[in-house]
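Just below is one structure, and these are the notes that go with it.
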Amino acid sequence: MPSSQRLTFHDVDGNKHRFTLDPAASYHNYDCKKFSRAGEDKLLYDDEGFIVRHGLDVSRHEGEVDWNEVKKSGFDFVILRVGYRGYQSGILKVDENFHENVKNAIEAGFDVGVYVYSQAINEEEALEEAELVLNEIKDYEITLPIVYDPESVGWDTARTDDVQPSVFNNNTIIFCEKIREAGYEPMIYANHIWEAFILDMGRLRDYKFWYADYEDSPQLPYDFEFWQYTSTMKVNGINKECDADIWIRPREVPASSGL
C-alpha cells in the first residue's frame with residue numbers, strides 16, 4: 001500500500017484518529033464482510049478458506065475458573081497471563097493464578113498460550129520479562145504463541161509515560177527473539193492505537209500479532225492471527241466478564257495442536 005494512504009479509526013471512547021499506513025507492514029487478507037456476531041455473543045468469521053477457533057484470555061482478575069465448564073461452552077483455546085510488571089513500581093511478578101490456571105486448562109483439553117503484561121522501560125527489563133515467562137512455563141506443554149503485551153496506562157501515571165516508540169520497538173524485538181531462541185513462537189499484542197502510532201509495523205512484520213479491537217470488523221488492515229474482540233464475554237465457569245478471542249488460520253497452512 002502507498003505510504004501516503006491515510007485511514008481513520010475510532011478508539012473505545014469514540015475519539016477519531018487518523019494515521020498513515022506503513023507500506024512495509026504485512027496486511028491481512030480477511031474479507032471484513034464475512035465477520036458477524038452471534039447475537040451479542042461470539043464473533044464469527046464465515047470463510048471456507050480459513051479455520052476459526054474460539055478462545056479466551058484470562059488472568060487472576062477473573063478469579064477461580066472452572067475450566068471444564070468453560071470447555072463445554074464451546075471454547076477450545078486460552079491465552080493465560082503468566083506475569084506482569086507494576087506500572088508504577090516496576091516490580092515483575094508471576095500472575096497469582098497462573099499455575100492453577102495452566103494446569104487445569106491443559107487438563108480440560110485446552111490449547112494454551114501465555115502472555116506477560118509489560119511495563120518495561122528498557123531492553124534489560126524486556127529480557128527479564130522473557131526470562132520470567134520461560135522459567136514459569138518450562139513444566140507445561142504450551143502449544144500456542146508466547147505473547148509480549150506492552151500497554152499504555154490511560155487511567156494513571158505510569159513509569160512508561162515518557163518512553164519513546166523506538167524503545168518500545170526495541171523492547172518488543174528483544175523479548176520476541178529471546179522467546180524464539182527458546183523454541184517457542186513469539187507474538188505481539190496490540191490495539192489500533194499501538195499499531196497506528198507506536199509500533200513500527202514494518203520492522204515487526206515477521207512476528208505474529210494478536211489484535212485488540214472491539215468493533216464487529218477490524219478497523220486496521222495490518223495482519224493478525226488472533227483477535228481480541230470483546231472484554232465483556234459471559235462464560236459458564238467464570239464468575240466475571242472476560243476477554244474473548246478468535247484464532248483465524250488459512251486452511252492450507254499446516255495446523256498445530258488441536259487442528
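In the C-alpha cells, chains take the letters A, B, ... in the order shown, each chain's residues start at 1, and ligands count up from 1 in the order shown.
For region 83-172 of chain A, a DSSP pass over the backbone yields strand (DSSP E or B) at Gly83, Tyr84, Arg85, Leu92, Lys93, Val94, Asp111, Val112, Gly113, Val114, Tyr115, Val116, Tyr117, Ser118, Ile146, Val147, Tyr148, Asp149 and Pro150 of chain A.
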> Contacts of region 197-214 of chain A at 7 Å or less, counting only C-alpha atoms, minus same-chain residues fewer than 3 places along, as a PyMOL selection string?
Replying inline: chain A and resi 22+24-26+165+169+186-194+218+223-230
Could you write those residues out with N, CA, C and O atoms, as an mmCIF file, in the first residue's frame?
```
data_model
loop_
_atom_site.group_PDB
_atom_site.id
_atom_site.type_symbol
_atom_site.label_atom_id
_atom_site.label_comp_id
_atom_site.auth_asym_id
_atom_site.auth_seq_id
_atom_site.Cartn_x
_atom_site.Cartn_y
_atom_site.Cartn_z
ATOM 1 N N ASP A 22 1.721 2.025 7.043
ATOM 2 C CA ASP A 22 3.121 1.662 6.833
ATOM 3 C C ASP A 22 3.187 0.724 5.624
ATOM 4 O O ASP A 22 2.703 -0.405 5.687
ATOM 5 N N ALA A 24 5.557 -0.965 4.515
ATOM 6 C CA ALA A 24 6.436 -2.115 4.733
ATOM 7 C C ALA A 24 5.791 -3.187 5.605
ATOM 8 O O ALA A 24 6.363 -4.261 5.794
ATOM 9 N N ALA A 25 4.614 -2.902 6.144
ATOM 10 C CA ALA A 25 3.957 -3.837 7.058
ATOM 11 C C ALA A 25 3.304 -4.980 6.305
ATOM 12 O O ALA A 25 3.111 -4.932 5.086
ATOM 13 N N SER A 26 2.933 -6.013 7.041
ATOM 14 C CA SER A 26 2.140 -7.111 6.485
ATOM 15 C C SER A 26 0.663 -6.786 6.671
ATOM 16 O O SER A 26 0.254 -6.263 7.712
ATOM 17 N N PRO A 165 8.669 5.605 21.322
ATOM 18 C CA PRO A 165 8.303 4.450 20.496
ATOM 19 C C PRO A 165 9.486 3.591 20.081
ATOM 20 O O PRO A 165 9.366 2.362 20.014
ATOM 21 N N ASN A 169 9.750 -0.472 20.577
ATOM 22 C CA ASN A 169 10.029 -1.402 19.483
ATOM 23 C C ASN A 169 11.252 -2.259 19.773
ATOM 24 O O ASN A 169 11.249 -3.467 19.522
ATOM 25 N N PRO A 186 6.880 -16.470 19.149
ATOM 26 C CA PRO A 186 6.519 -15.205 19.793
ATOM 27 C C PRO A 186 5.351 -14.533 19.080
ATOM 28 O O PRO A 186 5.118 -14.747 17.890
ATOM 29 N N MET A 187 4.631 -13.711 19.818
ATOM 30 C CA MET A 187 3.528 -12.956 19.245
ATOM 31 C C MET A 187 3.422 -11.633 19.997
ATOM 32 O O MET A 187 3.824 -11.531 21.163
ATOM 33 N N ILE A 188 2.871 -10.617 19.333
ATOM 34 C CA ILE A 188 2.754 -9.281 19.910
ATOM 35 C C ILE A 188 1.285 -8.911 20.047
ATOM 36 O O ILE A 188 0.510 -9.030 19.085
ATOM 37 N N TYR A 189 0.900 -8.457 21.235
ATOM 38 C CA TYR A 189 -0.451 -7.957 21.481
ATOM 39 C C TYR A 189 -0.460 -6.458 21.211
ATOM 40 O O TYR A 189 0.409 -5.720 21.700
ATOM 41 N N ALA A 190 -1.435 -5.987 20.441
ATOM 42 C CA ALA A 190 -1.500 -4.556 20.155
ATOM 43 C C ALA A 190 -2.908 -4.149 19.771
ATOM 44 O O ALA A 190 -3.585 -4.843 19.011
ATOM 45 N N ASN A 191 -3.335 -2.998 20.275
ATOM 46 C CA ASN A 191 -4.595 -2.428 19.802
ATOM 47 C C ASN A 191 -4.310 -1.465 18.655
ATOM 48 O O ASN A 191 -3.169 -1.310 18.205
ATOM 49 N N HIS A 192 -5.354 -0.803 18.155
ATOM 50 C CA HIS A 192 -5.191 0.058 16.996
ATOM 51 C C HIS A 192 -4.312 1.278 17.279
ATOM 52 O O HIS A 192 -3.578 1.737 16.401
ATOM 53 N N ILE A 193 -4.358 1.801 18.523
ATOM 54 C CA ILE A 193 -3.518 2.948 18.868
ATOM 55 C C ILE A 193 -2.046 2.579 18.758
ATOM 56 O O ILE A 193 -1.236 3.310 18.172
ATOM 57 N N TRP A 194 -1.696 1.423 19.301
ATOM 58 C CA TRP A 194 -0.296 0.995 19.263
ATOM 59 C C TRP A 194 0.148 0.684 17.846
ATOM 60 O O TRP A 194 1.266 1.020 17.450
ATOM 61 N N PRO A 218 -12.318 -5.637 11.792
ATOM 62 C CA PRO A 218 -11.082 -4.929 12.142
ATOM 63 C C PRO A 218 -11.004 -3.563 11.487
ATOM 64 O O PRO A 218 -11.238 -3.422 10.281
ATOM 65 N N ASP A 223 -1.883 -7.240 9.428
ATOM 66 C CA ASP A 223 -2.114 -8.673 9.589
ATOM 67 C C ASP A 223 -2.226 -9.062 11.065
ATOM 68 O O ASP A 223 -1.566 -8.476 11.934
ATOM 69 N N PHE A 224 -3.052 -10.042 11.328
ATOM 70 C CA PHE A 224 -3.165 -10.629 12.665
ATOM 71 C C PHE A 224 -3.658 -12.059 12.515
ATOM 72 O O PHE A 224 -4.305 -12.420 11.535
ATOM 73 N N GLU A 225 -3.345 -12.879 13.515
ATOM 74 C CA GLU A 225 -3.834 -14.259 13.537
ATOM 75 C C GLU A 225 -4.839 -14.467 14.659
ATOM 76 O O GLU A 225 -5.766 -15.257 14.540
ATOM 77 N N PHE A 226 -4.643 -13.750 15.762
ATOM 78 C CA PHE A 226 -5.583 -13.778 16.881
ATOM 79 C C PHE A 226 -6.202 -12.400 17.014
ATOM 80 O O PHE A 226 -5.558 -11.381 16.753
ATOM 81 N N TRP A 227 -7.470 -12.374 17.420
ATOM 82 C CA TRP A 227 -8.180 -11.105 17.577
ATOM 83 C C TRP A 227 -8.970 -11.132 18.883
ATOM 84 O O TRP A 227 -9.848 -11.970 19.073
ATOM 85 N N GLN A 228 -8.643 -10.198 19.779
ATOM 86 C CA GLN A 228 -9.434 -9.982 20.996
ATOM 87 C C GLN A 228 -10.549 -9.003 20.629
ATOM 88 O O GLN A 228 -10.292 -7.836 20.363
ATOM 89 N N TYR A 229 -11.801 -9.485 20.622
ATOM 90 C CA TYR A 229 -12.889 -8.688 20.073
ATOM 91 C C TYR A 229 -13.874 -8.186 21.119
ATOM 92 O O TYR A 229 -14.789 -7.418 20.799
ATOM 93 N N THR A 230 -13.714 -8.585 22.382
ATOM 94 C CA THR A 230 -14.578 -8.066 23.444
ATOM 95 C C THR A 230 -13.908 -8.261 24.790
ATOM 96 O O THR A 230 -13.065 -9.154 24.957
#
```
> Using only C-alpha atoms, which of A:Gln164, A:Ser118, A:Asn68, A:Ser217 sits nearest Arg81 (chain A)?
Replying inline: A:Ser118
> Suppose you want the space between CA of Asn171 (chain A) and CA of Leu127 (chain A); what is it in Å?
Replying inline: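 Interatomic distance, CA of Asn171 (chain A) to CA of Leu127 (chain A): 7.8 Å.
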> Which polymer residues have any atom within 9 Å of an atom of Ile142 (chain A), counting only C-alpha atoms, with same-chain residues fewer than 2 positions away left out, as an MDAnalysis selection string?
Replying inline: chainID A and resid 106 111:114 137:138 140 144:146 184
> Using only C-alpha atoms, which residues sit within 8 Å of region 96-100 of chain A once same-chain residues fewer than 4 positions away are excluded, as number ranges by chain?
Replying inline: A: 59-60, 63-64, 80-83, 104
The selected residues should be written to file as a short mmCIF file (atom, residue, chain, number, x, y, z; two decimals), in the first residue's frame (atoms: C-alpha atoms).
```cif
data_model
loop_
_atom_site.label_atom_id
_atom_site.label_comp_id
_atom_site.auth_asym_id
_atom_site.auth_seq_id
_atom_site.Cartn_x
_atom_site.Cartn_y
_atom_site.Cartn_z
CA SER A 59 -5.56 -13.62 34.42
CA ARG A 60 -6.04 -13.52 38.17
CA GLY A 63 -10.77 -15.32 39.83
CA GLU A 64 -11.15 -19.08 40.09
CA LEU A 80 -3.13 -17.04 30.14
CA ARG A 81 -1.29 -14.21 31.83
CA VAL A 82 1.91 -15.67 33.20
CA GLY A 83 3.25 -12.47 34.73
CA ASN A 104 -6.40 -27.05 34.93
#
```
> Taking into account only C-alpha atoms, which residue in the set A:Thr232, A:Ser152, A:Tyr30, A:Glu69 is nearest to Ile51 (chain A)?
Replying inline: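 Comparing A:Thr232, A:Ser152, A:Tyr30, A:Glu69 against Ile51 (chain A), the winner is A:Tyr30.
CA of Tyr115 (chain A) lies 4.3 Å from CA of Val147 (chain A).
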> Do you know which residues are at most 7 Å from Ser231 (chain A) counting only C-alpha atoms, after dropping those on the same chain fewer than 2 positions away, and could you put them as a PyMOL selection string?
Replying inline: chain A and resi 233+241-244
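Comparing A:Thr20, A:Asn239, A:Asn135, A:Asn122 by their smallest distance to Glu62 (chain A), the closest is A:Asn239 (using only C-alpha atoms).
From CA of Arg53 (chain A) back to CA of Lys71 (chain A), the distance works out to 12.4 Å.
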> DSSP says helix (DSSP H, G or I) for which residues of region 6-249 of chain A? Put them as a ChimeraX atom specification?
Replying inline: /A:32-34,60-62,67-72,98-107,123-137,165-181,192-197
Include C-alpha atoms and write out the residues we just selected as a PDB file, in the first residue's frame.
```pdb
ATOM      1  CA  CYS A  32     -14.302  -7.951   6.504  1.00  0.00           C
ATOM      2  CA  LYS A  33     -17.856  -8.515   5.227  1.00  0.00           C
ATOM      3  CA  LYS A  34     -17.647 -12.113   6.461  1.00  0.00           C
ATOM      4  CA  ARG A  60      -6.040 -13.524  38.173  1.00  0.00           C
ATOM      5  CA  HIS A  61      -8.675 -10.818  37.639  1.00  0.00           C
ATOM      6  CA  GLU A  62     -11.175 -13.474  36.524  1.00  0.00           C
ATOM      7  CA  TRP A  67     -12.170 -24.936  33.009  1.00  0.00           C
ATOM      8  CA  ASN A  68     -14.366 -27.952  32.342  1.00  0.00           C
ATOM      9  CA  GLU A  69     -17.431 -25.699  32.273  1.00  0.00           C
ATOM     10  CA  VAL A  70     -15.641 -23.226  30.002  1.00  0.00           C
ATOM     11  CA  LYS A  71     -14.827 -26.084  27.636  1.00  0.00           C
ATOM     12  CA  LYS A  72     -18.488 -27.089  27.481  1.00  0.00           C
ATOM     13  CA  PHE A  98      -1.172 -18.749  36.581  1.00  0.00           C
ATOM     14  CA  HIS A  99      -0.035 -22.161  37.742  1.00  0.00           C
ATOM     15  CA  GLU A 100      -3.519 -23.212  38.820  1.00  0.00           C
ATOM     16  CA  ASN A 101      -4.980 -21.948  35.540  1.00  0.00           C
ATOM     17  CA  VAL A 102      -2.421 -23.554  33.256  1.00  0.00           C
ATOM     18  CA  LYS A 103      -2.613 -26.954  34.955  1.00  0.00           C
ATOM     19  CA  ASN A 104      -6.402 -27.055  34.929  1.00  0.00           C
ATOM     20  CA  ALA A 105      -6.786 -25.625  31.424  1.00  0.00           C
ATOM     21  CA  ILE A 106      -4.435 -28.209  29.935  1.00  0.00           C
ATOM     22  CA  GLU A 107      -6.162 -30.975  31.869  1.00  0.00           C
ATOM     23  CA  GLU A 123      15.754  -3.783  26.823  1.00  0.00           C
ATOM     24  CA  GLU A 124      17.105  -5.237  30.067  1.00  0.00           C
ATOM     25  CA  GLU A 125      13.626  -5.249  31.599  1.00  0.00           C
ATOM     26  CA  ALA A 126      12.081  -6.726  28.438  1.00  0.00           C
ATOM     27  CA  LEU A 127      14.652  -9.526  28.593  1.00  0.00           C
ATOM     28  CA  GLU A 128      13.833 -10.050  32.270  1.00  0.00           C
ATOM     29  CA  GLU A 129      10.166 -10.451  31.333  1.00  0.00           C
ATOM     30  CA  ALA A 130      11.034 -13.057  28.697  1.00  0.00           C
ATOM     31  CA  GLU A 131      13.151 -14.970  31.180  1.00  0.00           C
ATOM     32  CA  LEU A 132      10.325 -14.980  33.735  1.00  0.00           C
ATOM     33  CA  VAL A 133       7.954 -16.427  31.137  1.00  0.00           C
ATOM     34  CA  LEU A 134      10.371 -19.156  30.078  1.00  0.00           C
ATOM     35  CA  ASN A 135      11.057 -20.128  33.663  1.00  0.00           C
ATOM     36  CA  GLU A 136       7.380 -20.347  34.627  1.00  0.00           C
ATOM     37  CA  ILE A 137       6.214 -22.366  31.594  1.00  0.00           C
ATOM     38  CA  PRO A 165       8.303   4.450  20.496  1.00  0.00           C
ATOM     39  CA  SER A 166      11.798   3.408  19.404  1.00  0.00           C
ATOM     40  CA  VAL A 167      12.405   1.965  22.873  1.00  0.00           C
ATOM     41  CA  PHE A 168       9.101   0.091  22.852  1.00  0.00           C
ATOM     42  CA  ASN A 169      10.029  -1.402  19.483  1.00  0.00           C
ATOM     43  CA  ASN A 170      13.482  -2.437  20.680  1.00  0.00           C
ATOM     44  CA  ASN A 171      11.962  -3.981  23.804  1.00  0.00           C
ATOM     45  CA  THR A 172       9.481  -5.925  21.678  1.00  0.00           C
ATOM     46  CA  ILE A 173      12.180  -7.365  19.448  1.00  0.00           C
ATOM     47  CA  ILE A 174      14.431  -8.322  22.372  1.00  0.00           C
ATOM     48  CA  PHE A 175      11.542 -10.172  24.009  1.00  0.00           C
ATOM     49  CA  CYS A 176      10.393 -11.922  20.841  1.00  0.00           C
ATOM     50  CA  GLU A 177      13.874 -13.041  19.842  1.00  0.00           C
ATOM     51  CA  LYS A 178      14.534 -14.473  23.296  1.00  0.00           C
ATOM     52  CA  ILE A 179      11.305 -16.449  23.050  1.00  0.00           C
ATOM     53  CA  ARG A 180      12.138 -17.620  19.525  1.00  0.00           C
ATOM     54  CA  GLU A 181      15.621 -18.738  20.592  1.00  0.00           C
ATOM     55  CA  HIS A 192      -5.191   0.058  16.996  1.00  0.00           C
ATOM     56  CA  ILE A 193      -3.518   2.948  18.868  1.00  0.00           C
ATOM     57  CA  TRP A 194      -0.296   0.995  19.263  1.00  0.00           C
ATOM     58  CA  GLU A 195      -0.325  -0.286  15.696  1.00  0.00           C
ATOM     59  CA  ALA A 196      -1.003   3.170  14.261  1.00  0.00           C
ATOM     60  CA  PHE A 197       1.263   5.347  16.379  1.00  0.00           C
TER      61      PHE A 197
END
```
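Candidate residues A:Asp156, A:Asp13, A:Glu151, A:Asp41 were compared for distance to Lys234 (chain A), and the nearest is A:Asp41, using only C-alpha atoms.
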For Gly49 (chain A), please output as a tab-separated table (two decimals) with N, CA and C atoms, in the first residue's frame all residues within 10 Å (counting only C-alpha atoms; exclusion window: fewer than 5 positions along the same chain).
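Contents of out-v3.tsv, as written:
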```
chain	number	residue	atom	x	y	z
A	30	TYR	N	-8.29	-10.98	5.11
A	30	TYR	CA	-9.64	-11.36	5.52
A	30	TYR	C	-10.67	-10.50	4.79
A	248	ILE	N	-7.76	-17.24	13.68
A	248	ILE	CA	-8.07	-17.45	12.27
A	248	ILE	C	-6.81	-17.93	11.55
A	249	ARG	N	-6.92	-19.11	10.92
A	249	ARG	CA	-5.76	-19.67	10.21
A	249	ARG	C	-6.18	-20.13	8.82
A	250	PRO	N	-5.37	-19.84	7.80
A	250	PRO	CA	-5.66	-20.37	6.46
A	250	PRO	C	-5.65	-21.89	6.47
A	251	ARG	N	-6.55	-22.51	5.76
A	251	ARG	CA	-6.63	-23.97	5.74
A	251	ARG	C	-5.39	-24.62	5.14
A	252	GLU	N	-4.72	-23.93	4.21
A	252	GLU	CA	-3.59	-24.57	3.57
A	252	GLU	C	-2.33	-24.56	4.44
```
> Which is closer to Leu7 (chain A) than all the others in A:Pro150, A:Leu220, A:Phe35, A:Tyr27, using only C-alpha atoms?
Replying inline: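 Closest residue, counting only C-alpha atoms: A:Leu220.
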Quick one: residues within 8 Å of Gln119 (chain A), only C-alpha atoms, excluding same-chain residues fewer than 2 positions away - as a tab-separated table (two decimals) with C-alpha atoms, in the first residue's frame?
```tsv
chain	number	residue	atom	x	y	z
A	84	TYR	CA	3.04	-8.70	34.95
A	85	ARG	CA	5.17	-5.69	35.81
A	86	GLY	CA	3.78	-2.97	38.05
A	87	TYR	CA	3.13	0.16	36.02
A	90	GLY	CA	8.32	-1.69	38.12
A	117	TYR	CA	1.89	-7.63	30.75
A	121	ILE	CA	11.33	0.87	30.10
A	150	PRO	CA	3.10	-3.72	26.15
A	151	GLU	CA	0.31	-1.33	27.04
A	159	ARG	CA	6.70	4.60	34.54
A	160	THR	CA	6.30	4.12	30.77
```
>> Taking only C-alpha atoms into account, name the residue in A:Lys42, A:Ser89, A:Pro221, A:Leu21 that is nearest to Phe75 (chain A).
In response: A:Lys42
